[in-house]
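Everything below concerns the one structure shown next.
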Amino acid sequence: MPLSSETHKNEACLFSIGYGLRSPEAFLDLLRTHAVDVVADVRSNPYSKWNPDFCREPIAAYLKEHKVQYVYIGDMIGGIPKDDSCYTNGKLDYQKAKLHPTFTQGIARLLVALEKGFRVALMCGEVEPHQCHRSKLIGEVLAEKGVSLSHILNNTTIKSQTQVMLELTKGRNTLD
């Protein structure tokens with residue numbers, strides 16, 4: 001689904017984006033194409049041994065230099081919560097995680113950003129949204145609240161949360 005930043009630049013929106021092996025310049029180009037003004041880092045551990053430019057401090061400084069706000073909220077809505085109550089048999093339990101007070105506070109923070117008119121991109125390392133908690137956890141909770149999350153794949157293509165979940169579940173209505 002193409003998205004023109006000129007057409008939508010004044011419309012509040014939530015996106016998701018993975019950096020993978022992209023350069024900071026290519027990442028910034030994607031943000032600019034989609035008129036993103038805030039990057040919300042949703043990594044539980046905001047560091048990358050594969051792409052050190054995306055460790056918390058360097059990417060925050062790079063984005064600030066290019067007039068994009070960086071906010072770290074991975075301690076609230078990251079895919080590896082610190083609280084053991086979010087796990088069942090050692091595996092993250094999305095149903096438990098999405099009800100955790102810290103997670104609900106993080107989601108509330110995103111909703112406030114939307115209300116204030118920001119265009120926010122949730123950033124994680126995984127390029128493919130179906131491989132990341134951005135879609136499986138955050139996107140599903142937002143969908144339950146009637147808030148759409150658009151997953152940026154490249155300069156001309158985004159996928160809706162519904163498209164990603166249909167691909168992930170192969171058309172079923174469940175992750176099980």
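Identifiers in this document derive from the order of the structure tokens: chains are assigned A, B, ..., residues are numbered from 1 separately in each chain, and ligands are numbered from 1 in order of occurrence.
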Mind the document's chain letters and residue numbers, and return as a PyMOL selection string the residues of chain A that DSSP labels strand (DSSP E). chain A and resi 13-18+38-41+69-72+87-88+91-92+119-124+150-152+158-160
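Using only C-alpha atoms, the residues found no farther than 12 Å from Glu144 in chain A, other than those of its own chain fewer than 6 positions away, are Lys98, Ile107, Leu137, Ile138, Gln161 and Thr162 of chain A.
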Which residues in chain A does DSSP call alpha helix (DSSP H)? List them as JSON, numbers by chain. {"A": [5, 6, 7, 8, 24, 25, 26, 27, 28, 29, 30, 31, 32, 33, 56, 57, 58, 59, 60, 61, 62, 63, 64, 65, 74, 75, 76, 77, 94, 95, 96, 97, 101, 102, 103, 104, 105, 106, 107, 108, 109, 110, 111, 112, 113, 114, 115, 133, 140, 141, 142, 143, 144, 161, 162, 163, 164, 165, 166, 167, 168, 169]}
Neighbouring residues of Glu25 in chain A were defined as those with any atom within 12 Å, considering only C-alpha atoms; residues of the same chain fewer than 4 positions away were excluded. Please report them as a list in words. Tyr19, Leu21, Asp29, Leu30, Leu31, Arg32, Asp53, Phe54, Ile59, Tyr62, Leu63, Glu65 and His66 of chain A
Near Arg119 in chain A, within 12 Å and counting only C-alpha atoms, which residues show up once chain neighbours fewer than 4 positions away are dropped, as number ranges by chain? A: 5, 8-16, 31-40, 68-69, 110-115, 149-150
With C-alpha atoms kept, could you save the residues just selected as a JSON list (two decimals), in the first residue's frame?
```json
[["chain", "number", "residue", "atom", "x", "y", "z"],
["A", 5, "SER", "CA", 4.10, 11.73, 3.02],
["A", 8, "HIS", "CA", -0.62, 12.48, 5.06],
["A", 9, "LYS", "CA", 2.08, 14.51, 6.76],
["A", 10, "ASN", "CA", -0.38, 16.32, 9.06],
["A", 11, "GLU", "CA", -2.25, 13.16, 10.02],
["A", 12, "ALA", "CA", -1.29, 11.47, 13.30],
["A", 13, "CYS", "CA", -0.29, 7.87, 12.68],
["A", 14, "LEU", "CA", 1.40, 4.86, 14.22],
["A", 15, "PHE", "CA", 3.90, 2.93, 12.15],
["A", 16, "SER", "CA", 6.27, 0.09, 12.87],
["A", 31, "LEU", "CA", 11.21, 7.86, 8.15],
["A", 32, "ARG", "CA", 11.18, 10.95, 5.95],
["A", 33, "THR", "CA", 9.23, 9.22, 3.19],
["A", 34, "HIS", "CA", 6.50, 8.44, 5.69],
["A", 35, "ALA", "CA", 6.77, 11.81, 7.49],
["A", 36, "VAL", "CA", 7.64, 10.20, 10.85],
["A", 37, "ASP", "CA", 8.55, 12.72, 13.54],
["A", 38, "VAL", "CA", 9.05, 10.39, 16.52],
["A", 39, "VAL", "CA", 10.85, 7.04, 16.73],
["A", 40, "ALA", "CA", 9.75, 4.96, 19.71],
["A", 68, "VAL", "CA", 13.53, 13.25, 14.53],
["A", 69, "GLN", "CA", 12.65, 12.71, 18.18],
["A", 110, "LEU", "CA", 1.49, 5.74, 22.40],
["A", 111, "LEU", "CA", -2.17, 6.74, 22.43],
["A", 112, "VAL", "CA", -1.28, 10.11, 23.98],
["A", 113, "ALA", "CA", 1.29, 10.67, 21.22],
["A", 114, "LEU", "CA", -1.45, 9.99, 18.65],
["A", 115, "GLU", "CA", -3.83, 12.38, 20.42],
["A", 149, "LEU", "CA", -0.63, 0.19, 13.03],
["A", 150, "SER", "CA", 1.02, 0.40, 9.60]]
```
Would you mind telling me which residue in A:Val120, A:Ala61, A:Leu99, A:Val164 lies nearest to Val42 in chain A when using only C-alpha atoms? A:Val120
